[in-house]
Amino acid sequence: MARAYTLDDRAGAPHRCDRAMTRLSEYLLPTEKQPPADAEAISHKLMVRAGLIRQMGAGMWSWLPAGWRVHQRAVAIIREEMDVIGGQEMLMPVLQPAEPWRKTGRLEIDELFKLTDRKGSELVLAMTHEEAVTFHVAQLVRSYRDLPLILYHFQVKERDEPRPRAGVLRTREFIMKDSYTFDRDQAGLEERYELHVGAYDRIMQRTGLRFYRVESDVGMMGGLGAHEYMAPCPAGEDQVALADGYAANVEVALKDPDVQQAGEGYTLRGQELRIEPAIEVGNIFKLGTRYSEPLGASYLDENGAEHAVWMGSYGIGPARIVAAAVEQFADEHGISWPRSLAPFAVHLVALGKPGTPERAAADELYATLREAGVEVLYDDRDLGPGEKFADAELLGCPLRLTVGRRSLQSGEIEVQRRRGREDAPAIALGGDPNALLAAVDELWQSLP
RNA sequence: CGGGGCGUGGCGCAGCCUGGUAGCGCACCUGCUUUGGGAGCAGGGGGUCGCCGGUUCGAAUCCGGCCGCCCCGACCA
């Protein structure tokens, strides 16, 4: 009866093997009726209220168990797609010697945290890992035969942000997947870049987010091209300019000669240009030799001639994906996760007092679902129905199953889809477990 | 970094103007009742009022300094 191990959120079953303890009576899910007094952004309010995150200081957040599950969902999707394009996962330190940063000229950046150890050595807390990865490649790559490479990791980034804001949307410490490509020449870089475009498109599609890939300003990086992945949402800090078949960072759009001012707004070749707030969840850059030259990352070609390695760098923030999903799909009752990101597939609500027949039926259903590997959060607390339903809608798992006295009478489990809060056809209670699981799987397929 | 605001129990707040030793709602604990949309009754626990200093017989309250947090803007490899 055990299911195959799978993370396939689009075609697969609503679960993976999951032995985590998920009885709400024993789970740390501190829900709140009221949002924090100073919260503005929807995602900030709801993620705190739903018990996903807690703040420790300005721009410093902890992920509580359910929130971390969501974060790790995003991580798993990203990891799969990076591996598909040949990425090799590794891990580099956050605490680093200042020297490589001096060489690349980035030691002067205000947002870079700098510190000194007890011996007086200068250290930094990395805000990205170009210096680290290039340092290693400079040491390890000698020949054209060693290239190309796609290296990546999920690692904490530290940034002395002048103004952290909006919960987890802009923090001073956050996890980023950053990958780095190393090629012999520009043509190779273009190839690696296109692979990332494909991977990022698939990542974004799999998260279920509404998003745009926009051309971005290469800015002071002096790079050879760059794109940003933008998720439109009310709390977004950036703006995207949109028209049919057109999406661009607003700064880029306003430099476009085809864009004309028209009264209050702008037009593109006669079309109205819409401007929407959005959050930048990912960005990709063609770096060229910006880092390889100062750090001495070079290789010898077939003729024994030395060349600088051509690099690209590619970032994506799982926390921003999570927050953007909250922003895009929340309603007045709470969060409504796309199934690929949901902390649990099924939120099972048991009504009635512990010790009653309806509780026994719910216990049995919980056991059946768990045994099958379905990720289920079981609300077995001794609380009234109102509180349980409210918490379930706040947390936003895609499917809610309810077992109460009524279910025993009708012989059916009630099912609600979180998105739209609509009832789905009830499922027979206590019959063939395989039929029950098939019904849950089928429902899962119908979800966004 | 400029402008604005706020720090009182776990959360949300009142009290401060007009100084007299802290209160409300929710949450929490115990008991009984209740159980299909955030329950009822009774009893109970928890706060150096952000920190330091000053004024005063006496400071959550007045004065000075510092720290922290939020919002708007600037910023955001």
# chains A, B, ... in the order shown; residues from 1 in each chain; ligands from 1
>>> closest_atom_pairs(of="chain A", to="chain B", cutoff="9 Å", atoms="only C-alpha atoms (C1' of nucleotides)", output="tab-separated table")
residue	atom	partner	partner_atom	distance
A:Glu32	CA	B:C11	C1'	7.2
A:Lys33	CA	B:G38	C1'	8.3
A:Gln34	CA	B:G12	C1'	6.8
A:Pro35	CA	B:C11	C1'	8.4
A:Pro36	CA	B:C11	C1'	7.6
A:Ala37	CA	B:G12	C1'	7.2
A:Asp38	CA	B:C70	C1'	5.3
A:Ala39	CA	B:C70	C1'	7.5
A:Glu40	CA	B:C71	C1'	8.3
A:Gly57	CA	B:C69	C1'	7.9
A:Ala58	CA	B:C69	C1'	7.1
A:Arg106	CA	B:A77	C1'	8.4
A:Ile109	CA	B:A77	C1'	8.7
A:Met127	CA	B:A77	C1'	7.9
A:Thr128	CA	B:A77	C1'	7.4
A:Glu161	CA	B:C76	C1'	7.5
A:Pro162	CA	B:C75	C1'	6.8
A:Arg163	CA	B:C75	C1'	8.1
A:Arg165	CA	B:C70	C1'	8.7
A:Met220	CA	B:A77	C1'	8.6
A:Met221	CA	B:A77	C1'	7.2
A:Leu351	CA	B:U35	C1'	7.4
A:Gly352	CA	B:U35	C1'	5.6
A:Lys353	CA	B:U35	C1'	7.0
A:Leu383	CA	B:U35	C1'	7.8
A:Gly384	CA	B:U35	C1'	5.6
A:Pro385	CA	B:G37	C1'	6.2
A:Gly386	CA	B:G37	C1'	3.9
A:Glu387	CA	B:G38	C1'	4.6
A:Lys388	CA	B:G38	C1'	8.2
A:Phe389	CA	B:G37	C1'	6.6
A:Ala390	CA	B:G38	C1'	6.8
A:Asp391	CA	B:G38	C1'	8.9
A:Gly404	CA	B:G36	C1'	7.5
A:Arg405	CA	B:G36	C1'	8.5
A:Arg406	CA	B:G36	C1'	7.8
>>> select_by_dssp(residues="segment 20-232 of chain A", states="strand (DSSP E)", output="VMD selection string")
chain A and resid 53 to 57 60 to 63 88 to 89 95 to 97 113 to 116 122 to 125 149 to 158 173 to 183 212 to 215 226 to 232
>>> residues_around(residues="Pro97 of chain A", least_positions_apart="4", cutoff="9 Å", atoms="only C-alpha atoms (C1' of nucleotides)", output="number ranges by chain")
A: 101, 121-125
>>> residues_around(residues="segment 196-206 of chain A", least_positions_apart="3", cutoff="10 Å", atoms="only C-alpha atoms (C1' of nucleotides)", output="ChimeraX atom specification")
/A:8-10,74-85,87,150,179,181,190-193,209-213,227,229-231,281-284,312-316,321,338-341
>>> residues_around(residues="C16 of chain B", least_positions_apart="4", cutoff="10 Å", atoms="only C-alpha atoms (C1' of nucleotides)", output="list in words")
A60, U61 and C62 of chain B
>>> select_by_dssp(residues="segment 166-399 of chain A", states="helix (DSSP H, G or I)", output="ChimeraX atom specification")
/A:186-207,219-221,250-255,292-295,318-329,357-371,385-395
>>> decode(residues="segment 1-26 of chain B", atoms="N, CA, C and O atoms (P, O5', C5', C4', C3', O3' and C1' of nucleotides)", output="tab-separated table (two decimals), in the first residue's frame")
chain	number	residue	atom	x	y	z
B	1	C	P	22.38	55.82	10.14
B	1	C	O5'	21.78	56.71	8.97
B	1	C	C5'	22.59	57.61	8.25
B	1	C	C4'	21.73	58.31	7.23
B	1	C	C3'	20.42	58.90	7.73
B	1	C	O3'	20.60	60.13	8.39
B	1	C	C1'	20.04	57.77	5.69
B	2	G	P	19.36	60.83	9.20
B	2	G	O5'	18.52	61.47	8.03
B	2	G	C5'	18.11	62.84	8.08
B	2	G	C4'	16.99	63.09	7.12
B	2	G	C3'	15.60	63.05	7.75
B	2	G	O3'	15.27	64.25	8.40
B	2	G	C1'	15.59	61.73	5.79
B	3	G	P	14.64	64.22	9.88
B	3	G	O5'	13.11	63.92	9.56
B	3	G	C5'	12.40	64.76	8.67
B	3	G	C4'	11.09	64.15	8.29
B	3	G	C3'	10.26	63.56	9.42
B	3	G	O3'	9.59	64.53	10.20
B	3	G	C1'	10.29	62.02	7.64
B	4	G	P	9.37	64.32	11.77
B	4	G	O5'	8.25	63.20	11.81
B	4	G	C5'	6.92	63.50	11.41
B	4	G	C4'	6.10	62.26	11.28
B	4	G	C3'	5.86	61.48	12.56
B	4	G	O3'	4.88	62.05	13.41
B	4	G	C1'	6.43	59.98	10.83
B	5	G	P	5.03	61.92	15.01
B	5	G	O5'	4.68	60.39	15.27
B	5	G	C5'	3.36	59.91	15.04
B	5	G	C4'	3.33	58.41	15.06
B	5	G	C3'	3.63	57.75	16.39
B	5	G	O3'	2.52	57.80	17.28
B	5	G	C1'	4.76	56.59	14.67
B	6	C	P	2.78	57.85	18.87
B	6	C	O5'	3.15	56.33	19.19
B	6	C	C5'	2.24	55.29	18.87
B	6	C	C4'	2.94	53.97	18.97
B	6	C	C3'	3.56	53.64	20.31
B	6	C	O3'	2.58	53.21	21.23
B	6	C	C1'	5.07	53.07	18.59
B	7	G	P	2.93	53.03	22.77
B	7	G	O5'	3.92	51.79	22.62
B	7	G	C5'	4.18	51.01	23.70
B	7	G	C4'	5.11	49.90	23.32
B	7	G	C3'	5.79	49.35	24.57
B	7	G	O3'	5.97	47.97	24.47
B	7	G	C1'	7.40	50.24	23.05
B	8	U	P	4.81	47.04	24.94
B	8	U	O5'	4.40	47.64	26.36
B	8	U	C5'	5.23	47.42	27.48
B	8	U	C4'	4.41	47.36	28.74
B	8	U	C3'	3.30	46.32	28.74
B	8	U	O3'	3.79	45.02	29.06
B	8	U	C1'	2.42	48.36	29.48
B	9	G	P	3.43	43.78	28.09
B	9	G	O5'	3.09	42.58	29.06
B	9	G	C5'	4.14	41.70	29.51
B	9	G	C4'	3.53	40.44	30.03
B	9	G	C3'	2.87	39.56	28.99
B	9	G	O3'	3.45	38.26	29.04
B	9	G	C1'	1.52	39.77	30.92
B	10	G	P	4.75	37.94	28.29
B	10	G	O5'	4.16	37.18	27.02
B	10	G	C5'	5.01	36.51	26.10
B	10	G	C4'	4.14	35.93	25.03
B	10	G	C3'	3.31	36.95	24.26
B	10	G	O3'	4.03	37.47	23.18
B	10	G	C1'	1.92	35.20	25.03
B	11	C	P	3.80	39.01	22.74
B	11	C	O5'	2.38	38.96	22.04
B	11	C	C5'	2.22	38.35	20.76
B	11	C	C4'	0.80	38.52	20.29
B	11	C	C3'	0.25	39.94	20.33
B	11	C	O3'	0.65	40.71	19.22
B	11	C	C1'	-1.32	38.50	21.32
B	12	G	P	0.78	42.31	19.38
B	12	G	O5'	-0.73	42.78	19.52
B	12	G	C5'	-1.64	42.60	18.44
B	12	G	C4'	-2.99	43.10	18.83
B	12	G	C3'	-3.01	44.52	19.40
B	12	G	O3'	-2.95	45.50	18.38
B	12	G	C1'	-4.34	43.09	20.75
B	13	C	P	-2.47	46.98	18.75
B	13	C	O5'	-3.58	47.38	19.83
B	13	C	C5'	-3.39	48.44	20.74
B	13	C	C4'	-4.56	48.44	21.67
B	13	C	C3'	-4.51	49.49	22.76
B	13	C	O3'	-4.99	50.75	22.27
B	13	C	C1'	-5.07	47.42	23.72
B	14	A	P	-4.34	52.11	22.82
B	14	A	O5'	-4.97	52.19	24.30
B	14	A	C5'	-6.35	52.47	24.44
B	14	A	C4'	-6.81	52.37	25.87
B	14	A	C3'	-6.21	53.33	26.89
B	14	A	O3'	-6.67	54.66	26.72
B	14	A	C1'	-6.56	51.22	27.86
B	15	G	P	-5.76	55.92	27.07
B	15	G	O5'	-5.42	55.66	28.60
B	15	G	C5'	-6.38	55.91	29.62
B	15	G	C4'	-5.82	55.51	30.95
B	15	G	C3'	-4.63	56.33	31.43
B	15	G	O3'	-5.06	57.49	32.12
B	15	G	C1'	-4.18	54.01	31.71
B	16	C	P	-4.79	58.98	31.49
B	16	C	O5'	-3.21	59.07	31.58
B	16	C	C5'	-2.55	59.15	32.85
B	16	C	C4'	-1.08	59.44	32.63
B	16	C	C3'	-0.81	60.73	31.85
B	16	C	O3'	0.27	61.44	32.45
B	16	C	C1'	0.15	58.85	30.73
B	17	C	P	-0.05	62.66	33.40
B	17	C	O5'	-0.52	63.75	32.36
B	17	C	C5'	0.42	64.37	31.49
B	17	C	C4'	-0.31	65.20	30.46
B	17	C	C3'	-1.19	66.31	31.06
B	17	C	O3'	-0.41	67.46	31.34
B	17	C	C1'	-2.40	65.12	29.42
B	18	U	P	-0.94	68.46	32.46
B	18	U	O5'	-1.08	67.55	33.74
B	18	U	C5'	-1.09	68.12	35.05
B	18	U	C4'	-2.02	67.32	35.91
B	18	U	C3'	-1.73	65.82	35.92
B	18	U	O3'	-1.65	65.34	37.25
B	18	U	C1'	-4.02	66.26	35.38
B	19	G	P	-0.26	65.48	37.99
B	19	G	O5'	0.34	64.02	37.83
B	19	G	C5'	-0.52	62.91	37.91
B	19	G	C4'	0.30	61.67	38.18
B	19	G	C3'	-0.11	61.04	39.49
B	19	G	O3'	-0.11	59.65	39.35
B	19	G	C1'	2.20	61.60	39.52
B	20	G	P	-1.39	58.82	39.76
B	20	G	O5'	-0.96	58.33	41.21
B	20	G	C5'	0.14	57.43	41.35
B	20	G	C4'	0.18	56.83	42.75
B	20	G	C3'	-1.15	56.32	43.27
B	20	G	O3'	-0.86	55.23	44.13
B	20	G	C1'	-0.33	58.01	44.71
B	21	U	P	-1.82	53.95	44.18
B	21	U	O5'	-0.91	52.74	43.67
B	21	U	C5'	-0.83	52.45	42.27
B	21	U	C4'	0.34	51.53	42.01
B	21	U	C3'	0.44	50.34	42.97
B	21	U	O3'	0.97	49.23	42.28
B	21	U	C1'	2.37	51.70	43.15
B	22	A	P	0.15	47.91	42.00
B	22	A	O5'	-0.53	48.16	40.58
B	22	A	C5'	-1.71	48.97	40.51
B	22	A	C4'	-2.26	48.91	39.10
B	22	A	C3'	-2.76	47.54	38.66
B	22	A	O3'	-4.09	47.33	39.06
B	22	A	C1'	-1.42	48.55	36.95
B	23	G	P	-4.70	45.86	39.04
B	23	G	O5'	-5.53	45.84	37.69
B	23	G	C5'	-6.81	46.43	37.66
B	23	G	C4'	-7.23	46.77	36.27
B	23	G	C3'	-7.58	45.62	35.33
B	23	G	O3'	-8.84	45.06	35.61
B	23	G	C1'	-6.36	47.28	34.16
B	24	C	P	-9.25	43.63	35.03
B	24	C	O5'	-9.61	43.95	33.51
B	24	C	C5'	-10.76	44.71	33.20
B	24	C	C4'	-10.89	44.88	31.71
B	24	C	C3'	-10.89	43.60	30.90
B	24	C	O3'	-12.15	42.94	30.93
B	24	C	C1'	-9.50	45.19	29.86
B	25	G	P	-12.20	41.35	30.77
B	25	G	O5'	-11.97	41.14	29.20
B	25	G	C5'	-12.95	41.58	28.27
B	25	G	C4'	-12.46	41.35	26.86
B	25	G	C3'	-11.93	39.94	26.59
B	25	G	O3'	-12.97	39.01	26.33
B	25	G	C1'	-10.40	41.52	25.75
B	26	C	P	-12.76	37.49	26.72
B	26	C	O5'	-11.62	36.98	25.74
B	26	C	C5'	-11.87	36.80	24.35
B	26	C	C4'	-10.58	36.56	23.61
B	26	C	C3'	-9.79	35.32	24.01
B	26	C	O3'	-10.32	34.12	23.45
B	26	C	C1'	-8.32	37.15	23.81
